[in-house]
file start_2.txt (compact mmCIF, C-alpha atoms)
# COMPACT_ATOMS: atom_id res chain seq x y z
CA MET A 1 73.00 -66.15 -1.77
CA ASN A 2 75.88 -63.68 -1.59
CA LEU A 3 77.87 -64.94 1.42
CA THR A 4 81.07 -62.94 1.12
CA HIS A 5 82.69 -63.75 4.47
CA GLN A 6 84.27 -67.13 5.25
CA LEU A 7 85.46 -68.50 8.56
CA GLN A 8 87.19 -71.68 9.63
CA VAL A 9 85.89 -72.45 13.10
CA LYS A 10 87.49 -75.05 15.34
CA VAL A 11 84.74 -77.05 17.04
CA PHE A 12 86.05 -79.84 19.24
CA ASP A 13 88.64 -81.56 17.00
CA ASN A 14 87.06 -80.47 13.70
CA ILE A 15 87.40 -77.41 11.48
CA VAL A 16 84.00 -76.20 10.25
CA LEU A 17 83.67 -73.82 7.31
CA VAL A 18 81.13 -71.08 8.00
CA GLU A 19 80.00 -68.43 5.50
CA HIS A 20 77.93 -65.32 6.25
CA ASP A 21 76.94 -61.88 4.98
CA LYS A 22 77.34 -60.05 8.35
CA SER A 23 73.61 -59.38 8.75
CA HIS A 24 71.05 -61.92 7.49
CA ALA A 25 72.44 -65.21 6.19
CA ILE A 26 74.70 -68.00 7.47
CA ARG A 27 75.76 -71.29 5.87
CA ILE A 28 77.46 -73.93 8.02
CA TRP A 29 79.26 -76.61 6.00
CA ASP A 30 78.79 -79.56 8.31
CA GLU A 31 76.38 -82.40 9.00
CA PRO A 32 73.12 -80.81 10.26
CA LEU A 33 73.00 -80.83 14.03
CA ASN A 34 70.23 -82.47 16.05
CA VAL A 35 69.16 -82.32 19.70
CA PRO A 36 67.13 -85.45 20.37
CA ILE A 37 66.46 -87.21 23.63
CA SER A 38 66.20 -90.92 22.87
CA TYR A 39 63.62 -92.91 24.74
CA ASP A 40 60.84 -95.37 24.01
CA THR A 41 57.63 -93.33 23.75
CA ASP A 42 55.59 -96.53 24.14
CA VAL A 43 56.91 -96.96 27.67
CA ASP A 44 55.66 -94.36 30.14
CA GLU A 45 57.77 -95.50 33.07
CA GLY A 46 60.49 -92.99 33.86
CA VAL A 47 59.18 -90.29 31.48
CA LEU A 48 57.76 -87.23 33.23
CA GLN A 49 55.88 -85.12 30.66
CA SER A 50 54.09 -81.79 31.04
CA ILE A 51 50.38 -82.55 31.44
CA PRO A 52 49.16 -79.27 29.81
CA MET A 53 51.46 -79.94 26.85
CA MET A 54 50.21 -83.51 26.47
CA GLN A 55 46.60 -82.28 26.59
CA PHE A 56 47.33 -79.71 23.89
CA GLN A 57 48.97 -82.33 21.66
CA SER A 58 46.02 -84.69 22.19
CA LYS A 59 43.54 -82.00 21.12
CA VAL A 60 45.54 -81.27 17.96
CA ALA A 61 45.62 -84.98 17.08
CA MET A 62 41.91 -85.40 17.93
CA LEU A 63 40.83 -82.60 15.60
CA LEU A 64 42.83 -83.97 12.66
CA ARG A 65 41.90 -87.57 13.42
CA ALA A 66 38.19 -86.68 13.38
CA GLU A 67 38.46 -85.14 9.90
CA LEU A 68 40.42 -88.09 8.52
CA LYS A 69 37.86 -90.54 9.90
CA SER A 70 34.99 -88.53 8.39
CA LYS A 71 36.70 -88.75 4.98
CA GLY A 72 37.47 -92.45 5.35
CA GLU A 73 41.23 -91.86 5.26
CA PRO A 74 43.57 -94.39 6.90
CA LEU A 75 45.12 -93.67 10.28
CA PRO A 76 47.94 -92.98 10.48
CA LEU A 77 48.53 -91.60 6.99
CA PRO A 78 50.55 -93.78 4.60
CA SER A 79 54.31 -93.42 4.18
CA ASP A 80 55.04 -90.22 2.26
CA GLN A 81 56.86 -86.89 2.47
CA TYR A 82 54.79 -84.24 4.21
CA ARG A 83 54.64 -80.48 4.73
CA VAL A 84 53.03 -79.18 7.91
CA GLU A 85 51.85 -75.57 8.18
CA VAL A 86 50.84 -74.00 11.49
CA ASP A 87 49.29 -70.58 12.11
CA ILE A 88 48.76 -69.23 15.60
CA GLU A 89 46.89 -66.08 16.56
CA SER A 90 47.27 -65.08 20.19
CA THR A 91 46.97 -62.20 22.62
CA LYS A 92 50.20 -63.54 24.16
CA SER A 93 53.48 -62.23 22.82
CA ALA A 94 55.79 -64.27 20.64
CA ALA A 95 58.15 -64.35 23.63
CA GLU A 96 55.46 -66.13 25.66
CA LEU A 97 54.82 -68.56 22.80
CA PRO A 98 58.27 -69.35 21.35
CA LEU A 99 57.33 -70.51 17.87
CA ILE A 100 59.85 -73.33 17.51
CA GLU A 101 58.54 -74.91 20.72
CA VAL A 102 54.88 -74.54 19.66
CA MET A 103 55.83 -76.13 16.32
CA LYS A 104 57.53 -78.96 18.18
CA SER A 105 54.40 -79.55 20.28
CA VAL A 106 52.18 -79.70 17.19
CA VAL A 107 54.49 -82.03 15.24
CA ASP A 108 54.84 -84.33 18.26
CA GLY A 109 51.03 -84.38 18.46
CA LEU A 110 50.93 -85.62 14.84
CA ASN A 111 53.59 -88.27 15.43
CA LYS A 112 52.14 -91.83 15.29
CA GLU A 113 48.59 -90.45 15.57
CA ILE A 114 48.33 -88.72 12.17
CA ILE A 115 51.74 -89.36 10.57
CA ALA A 116 53.35 -92.70 11.33
CA ASN A 117 56.78 -91.15 11.84
CA ASP A 118 57.44 -87.42 12.17
CA ARG A 119 60.70 -87.87 10.25
CA SER A 120 58.35 -87.95 7.24
CA VAL A 121 57.84 -84.20 7.76
CA TYR A 122 60.26 -82.70 5.23
CA GLU A 123 58.92 -79.15 5.41
CA CYS A 124 57.37 -77.31 8.33
CA SER A 125 56.34 -73.72 8.96
CA ILE A 126 54.70 -71.69 11.70
CA ARG A 127 53.41 -68.12 11.64
CA TYR A 128 52.44 -65.89 14.57
CA PHE A 129 49.70 -63.26 14.41
CA ALA A 130 49.09 -60.88 17.30
CA GLY A 131 45.46 -61.04 18.44
CA ARG A 132 43.48 -58.23 19.99
CA ARG A 133 43.13 -58.16 23.75
CA LYS A 134 39.63 -59.21 24.78
CA SER A 135 37.50 -58.55 27.81
CA LYS A 136 38.66 -60.02 31.10
CA LYS A 137 35.08 -61.14 31.71
CA TYR A 138 35.79 -64.69 30.48
CA PRO A 139 39.36 -65.48 31.63
CA ALA A 140 38.96 -69.23 31.07
CA ARG A 141 38.44 -68.85 27.33
CA PRO A 142 41.51 -69.73 25.21
CA THR A 143 43.55 -66.72 24.17
CA ASP A 144 44.98 -68.63 21.18
CA LYS A 145 43.54 -69.71 17.83
CA LEU A 146 45.34 -72.49 16.00
CA SER A 147 45.28 -73.61 12.37
CA VAL A 148 47.09 -76.74 11.15
CA ARG A 149 47.40 -78.02 7.58
CA VAL A 150 49.10 -81.23 6.42
CA TYR A 151 50.10 -81.61 2.75
CA SER A 152 51.68 -84.41 0.74
CA LEU A 153 54.77 -83.15 -1.08
CA ARG A 154 54.24 -85.82 -3.74
CA SER A 155 50.63 -84.89 -4.45
CA THR A 156 49.62 -82.99 -7.58
CA THR A 157 46.87 -81.16 -5.70
CA THR A 158 47.41 -77.97 -3.72
CA GLN A 159 44.80 -78.93 -1.13
CA PRO A 160 45.82 -80.25 2.30
CA ILE A 161 45.17 -83.88 3.14
CA VAL A 162 43.79 -82.85 6.50
CA SER A 163 43.45 -79.53 8.32
CA PHE A 164 41.58 -77.41 10.83
CA ASN A 165 41.31 -73.63 10.95
CA SER A 166 41.18 -71.00 13.72
CA VAL A 167 40.23 -73.38 16.53
CA PRO A 168 40.37 -71.81 20.01
CA LEU A 169 42.99 -73.74 22.01
CA HIS A 170 45.39 -73.01 24.82
CA ALA A 171 48.65 -73.51 22.89
CA VAL A 172 51.42 -75.04 24.99
CA PRO A 173 55.04 -74.89 23.80
CA LYS A 174 57.12 -78.05 23.96
CA ALA A 175 58.37 -78.84 27.44
CA THR A 176 61.42 -81.09 27.57
CA PRO A 177 60.51 -84.33 29.38
CA HIS A 178 62.33 -85.38 32.51
CA LEU A 179 63.69 -88.86 31.83
CA MET A 180 64.67 -91.15 34.66
CA ASP A 181 66.65 -94.36 34.23
CA TRP A 182 66.02 -97.52 36.24
CA GLU A 183 67.94 -96.02 39.18
CA ASN A 184 65.85 -92.83 39.00
CA THR A 185 68.81 -90.85 37.70
CA LEU A 186 67.87 -87.84 35.56
CA LEU A 187 68.88 -88.33 31.92
CA LEU A 188 69.88 -85.19 30.04
CA PRO A 189 69.56 -84.34 26.34
CA LEU A 190 72.59 -84.22 24.07
CA ASN A 191 74.61 -81.10 24.97
CA THR A 192 75.20 -79.07 21.81
CA GLY A 193 76.06 -75.86 23.68
CA LEU A 194 79.79 -75.92 22.94
CA TYR A 195 79.17 -76.32 19.20
CA GLN A 196 76.67 -73.47 19.18
CA ASP A 197 78.84 -71.23 21.35
CA ASP A 198 81.93 -71.71 19.16
CA ILE A 199 80.05 -70.98 15.93
CA ALA A 200 78.26 -67.94 17.40
CA ALA A 201 81.48 -66.52 18.91
CA ALA A 202 83.35 -66.82 15.61
CA LEU A 203 80.52 -65.14 13.70
CA SER A 204 80.25 -62.34 16.24
CA GLN A 205 84.00 -61.67 16.17
CA ASP A 206 83.81 -61.43 12.38
CA GLY A 207 81.08 -58.78 12.54
CA MET A 208 77.93 -60.88 12.12
CA LYS A 209 75.00 -59.27 13.94
CA ILE A 210 71.23 -59.37 13.53
CA ALA A 211 70.31 -55.75 14.11
CA GLY A 212 67.05 -54.16 15.15
CA ALA A 213 63.77 -55.59 16.34
CA GLY A 214 61.56 -57.90 14.32
CA PRO A 215 59.24 -59.20 13.23
CA TYR A 216 61.52 -61.55 11.32
CA GLN A 217 61.08 -64.70 9.27
CA VAL A 218 63.70 -67.35 9.99
CA SER A 219 64.26 -69.90 7.21
CA MET A 220 66.46 -72.97 7.60
CA THR A 221 67.38 -75.51 4.94
CA PHE A 222 69.13 -78.69 6.09
CA THR A 223 70.96 -80.50 3.27
CA GLY A 224 72.56 -83.92 3.45
CA VAL A 225 71.88 -87.64 3.69
CA SER A 226 71.91 -87.56 7.49
CA ALA A 227 69.37 -84.72 7.55
CA LEU A 228 66.72 -86.97 6.03
CA SER A 229 66.80 -89.26 9.07
CA LYS A 230 66.41 -86.40 11.57
CA ASP A 231 63.38 -84.45 12.76
CA VAL A 232 63.31 -81.09 11.01
CA ASP A 233 62.05 -79.29 14.13
CA ASN A 234 64.79 -80.78 16.32
CA MET A 235 67.44 -79.58 13.87
CA ALA A 236 66.00 -76.05 14.01
CA ARG A 237 66.06 -76.13 17.81
CA ALA A 238 69.80 -76.85 17.59
CA TYR A 239 70.55 -73.76 15.48
CA LEU A 240 68.26 -71.10 16.96
CA PRO A 241 70.61 -70.58 19.97
CA ILE A 242 73.27 -69.38 17.51
CA LEU A 243 70.90 -66.70 16.21
CA LYS A 244 69.97 -65.66 19.73
CA GLN A 245 73.63 -65.09 20.57
CA LEU A 246 73.80 -62.84 17.51
CA GLY A 247 70.96 -60.58 18.65
CA LEU A 248 67.69 -62.38 17.84
CA SER A 249 65.03 -62.96 20.51
CA ASN A 250 61.87 -65.09 20.59
CA ASN A 251 59.82 -61.91 20.46
CA ASP A 252 61.48 -60.99 17.14
CA ILE A 253 60.52 -64.27 15.42
CA HIS A 254 57.04 -64.25 13.86
CA ASN A 255 57.60 -66.81 11.11
CA ILE A 256 59.73 -69.97 10.88
CA ARG A 257 60.13 -72.02 7.69
CA LEU A 258 62.07 -75.29 7.70
CA CYS A 259 63.07 -77.71 4.94
CA LYS A 260 65.28 -80.78 4.77
CA GLN A 261 66.61 -82.22 1.52
CA SER A 262 69.15 -84.70 0.23
CA ALA A 263 72.45 -83.40 -1.14
CA ASP A 264 73.19 -83.36 -4.85
CA HIS A 265 76.05 -85.50 -6.14
CA HIS A 266 79.32 -84.24 -4.61
CA GLU A 267 77.53 -81.55 -2.55
CA GLN A 268 78.70 -81.36 1.04
CA SER A 269 76.14 -81.44 3.84
CA ASN A 270 75.27 -77.99 5.14
CA THR A 271 72.73 -75.82 6.94
CA LEU A 272 71.58 -72.54 5.42
CA ILE A 273 69.97 -70.02 7.79
CA VAL A 274 68.33 -66.82 6.53
CA VAL A 275 66.77 -64.10 8.70
CA GLN A 276 64.69 -61.57 6.79

call {"tool": "encode", "arguments": {"input": "start_2.txt", "output": "structure tokens"}}
result
Amino acid sequence: MNLTHQLQVKVFDNIVLVEHDKSHAIRIWDEPLNVPISYDTDVDEGVLQSIPMMQFQSKVAMLLRAELKSKGEPLPLPSDQYRVEVDIESTKSAAELPLIEVMKSVVDGLNKEIIANDRSVYECSIRYFAGRRKSKKYPARPTDKLSVRVYSLRSTTTQPIVSFNSVPLHAVPKATPHLMDWENTLLLPLNTGLYQDDIAAALSQDGMKIAGAGPYQVSMTFTGVSALSKDVDNMARAYLPILKQLGLSNNDIHNIRLCKQSADHHEQSNTLIVVQ
């Protein structure tokens, strides 16, 4: 990766080294960022979730659970490192179905039901395909078709452990839950806006810009010991706002590919982002 431009960006009290090529690639030499909201998912009190989203996640889990049961596989799957691939075909635009949020919905649907802990997902991808507009005669029919495949990264076979293909579903992007504490005070997610704003502003001032309309593939590789203990989709959600400030929109993104990996000896933690 030929990243010829280097910046030292002051973020809070730290200096972060950022490299870029002015058009397609960025490497941020820092611990990969995360945007979790911590709460006990086994306790429903004080957690207000989107009902359509929960129904969508339940259907995804039900379809995969049924196949695993038919094959006599354990539920949830044993401890491993997994790759999850998602394809979505829809008459809605990519702007109406922001891919990172659809990915988040699917992975959350797998969590505990299919995979014991979604931190076991080391690689994840989602692709969008524009579907043809159909007759308005049957408005209740789903306008989306979803495919999901789960692979073991340690397996010698190229076949998925469990999958379903082109199932008509109303896909629902992730909706951030409203969390209330015992005094019914709204709890907010970790605010990463200042970090993102500072990085994006420094890149923009140095001439970094994602030009033209998509479709684009966005690839992110998160490297470091801390990355292994974080959800790969949450890390991606932390970095996409930087790309959007540099000219990318949800409608431009038709493919997202994510990977987390441990650092080699002496290698500093970093996040590599490539738009192509």

call {"tool": "closest_residue", "arguments": {"input": "start_2.txt", "among": "A:Leu246, A:Val148, A:Ile114, A:Ile88", "to": "Phe129 of chain A", "atoms": "all atoms listed in the file"}}
result
A:Ile88

call {"tool": "residues_around", "arguments": {"input": "start_2.txt", "residues": "Lys59 of chain A", "least_positions_apart": "6", "cutoff": "12 Å", "atoms": "all atoms listed in the file", "output": "list of chain:residue names"}}
result
A:Pro52, A:Met53, A:Arg65, A:Ala66, A:Ser105, A:Val106, A:Asp108, A:Gly109, A:Leu110, A:Glu113, A:Leu146, A:Val148, A:Phe164, A:Val167, A:Pro168, A:Leu169, A:His170, A:Ala171, A:Val172

call {"tool": "write_last_selection", "arguments": {"input": "start_2.txt", "atoms": "C-alpha atoms", "output": "short mmCIF file (atom, residue, chain, number, x, y, z; two decimals), keeping the file's coordinate frame"}}
result
data_model
loop_
_atom_site.label_atom_id
_atom_site.label_comp_id
_atom_site.auth_asym_id
_atom_site.auth_seq_id
_atom_site.Cartn_x
_atom_site.Cartn_y
_atom_site.Cartn_z
CA PRO A 52 49.16 -79.27 29.81
CA MET A 53 51.46 -79.94 26.85
CA ARG A 65 41.90 -87.57 13.42
CA ALA A 66 38.19 -86.68 13.38
CA SER A 105 54.40 -79.55 20.28
CA VAL A 106 52.18 -79.70 17.19
CA ASP A 108 54.84 -84.33 18.26
CA GLY A 109 51.03 -84.38 18.46
CA LEU A 110 50.93 -85.62 14.84
CA GLU A 113 48.59 -90.45 15.57
CA LEU A 146 45.34 -72.49 16.00
CA VAL A 148 47.09 -76.74 11.15
CA PHE A 164 41.58 -77.41 10.83
CA VAL A 167 40.23 -73.38 16.53
CA PRO A 168 40.37 -71.81 20.01
CA LEU A 169 42.99 -73.74 22.01
CA HIS A 170 45.39 -73.01 24.82
CA ALA A 171 48.65 -73.51 22.89
CA VAL A 172 51.42 -75.04 24.99
#

call {"tool": "residues_around", "arguments": {"input": "start_2.txt", "residues": "segment 261-275 of chain A", "least_positions_apart": "4", "cutoff": "9 Å", "atoms": "only C-alpha atoms", "output": "PyMOL selection string"}}
result
chain A and resi 23-33+122+210+216-228+239+243

call {"tool": "atom_distance", "arguments": {"input": "start_2.txt", "atom1": "atom CA of Ser163 of chain A", "atom2": "atom CA of Ser147 of chain A"}}
result
7.4 Å

call {"tool": "residues_around", "arguments": {"input": "start_2.txt", "residues": "Gln159 of chain A", "least_positions_apart": "5", "cutoff": "12 Å", "atoms": "all atoms listed in the file", "output": "list in words"}}
result
Arg83, Arg149, Val150, Tyr151, Ser152, Leu153 and Arg154 of chain A

call {"tool": "closest_residue", "arguments": {"input": "start_2.txt", "among": "A:Ser58, A:Ser249, A:Ser120, A:Ser166", "to": "Leu99 of chain A", "atoms": "all atoms listed in the file"}}
result
A:Ser249

call {"tool": "atom_distance", "arguments": {"input": "start_2.txt", "atom1": "atom CA of Val162 of chain A", "atom2": "atom CA of Pro78 of chain A"}}
result
13.0 Å

call {"tool": "residues_around", "arguments": {"input": "start_2.txt", "residues": "segment 3-10 of chain A", "least_positions_apart": "6", "cutoff": "7 Å", "atoms": "only C-alpha atoms", "output": "list of chain:residue names"}}
result
A:Val16, A:Leu17, A:Val18, A:Glu19, A:His20, A:Asp21, A:Ile199, A:Ala202

call {"tool": "write_last_selection", "arguments": {"input": "start_2.txt", "atoms": "C-alpha atoms", "output": "PDB file, in the frame of the given file"}}
result
ATOM      1  CA  VAL A  16      84.000 -76.200  10.250  1.00  0.00           C
ATOM      2  CA  LEU A  17      83.670 -73.820   7.310  1.00  0.00           C
ATOM      3  CA  VAL A  18      81.130 -71.080   8.000  1.00  0.00           C
ATOM      4  CA  GLU A  19      80.000 -68.430   5.500  1.00  0.00           C
ATOM      5  CA  HIS A  20      77.930 -65.320   6.250  1.00  0.00           C
ATOM      6  CA  ASP A  21      76.940 -61.880   4.980  1.00  0.00           C
ATOM      7  CA  ILE A 199      80.050 -70.980  15.930  1.00  0.00           C
ATOM      8  CA  ALA A 202      83.350 -66.820  15.610  1.00  0.00           C
TER       9      ALA A 202
END

call {"tool": "atom_distance", "arguments": {"input": "start_2.txt", "atom1": "atom CA of Met103 of chain A", "atom2": "atom CA of Ile126 of chain A"}}
result
6.5 Å

call {"tool": "closest_residue", "arguments": {"input": "start_2.txt", "among": "A:Ile15, A:Lys22, A:Val107, A:Asp144", "to": "Asp206 of chain A", "atoms": "only C-alpha atoms"}}
result
A:Lys22

call {"tool": "closest_residue", "arguments": {"input": "start_2.txt", "among": "A:Leu258, A:Lys71, A:Gly131, A:Glu85", "to": "Met235 of chain A", "atoms": "all atoms listed in the file"}}
result
A:Leu258

call {"tool": "residues_around", "arguments": {"input": "start_2.txt", "residues": "Ala130 of chain A", "least_positions_apart": "2", "cutoff": "8 Å", "atoms": "only C-alpha atoms", "output": "count of residues only"}}
result
7

call {"tool": "closest_residue", "arguments": {"input": "start_2.txt", "among": "A:Glu67, A:Glu123, A:Asp233, A:Asp13", "to": "Ile161 of chain A", "atoms": "only C-alpha atoms"}}
result
A:Glu67

call {"tool": "closest_residue", "arguments": {"input": "start_2.txt", "among": "A:Cys124, A:Leu194, A:Ala94, A:Ala175", "to": "Gln57 of chain A", "atoms": "only C-alpha atoms"}}
result
A:Ala175
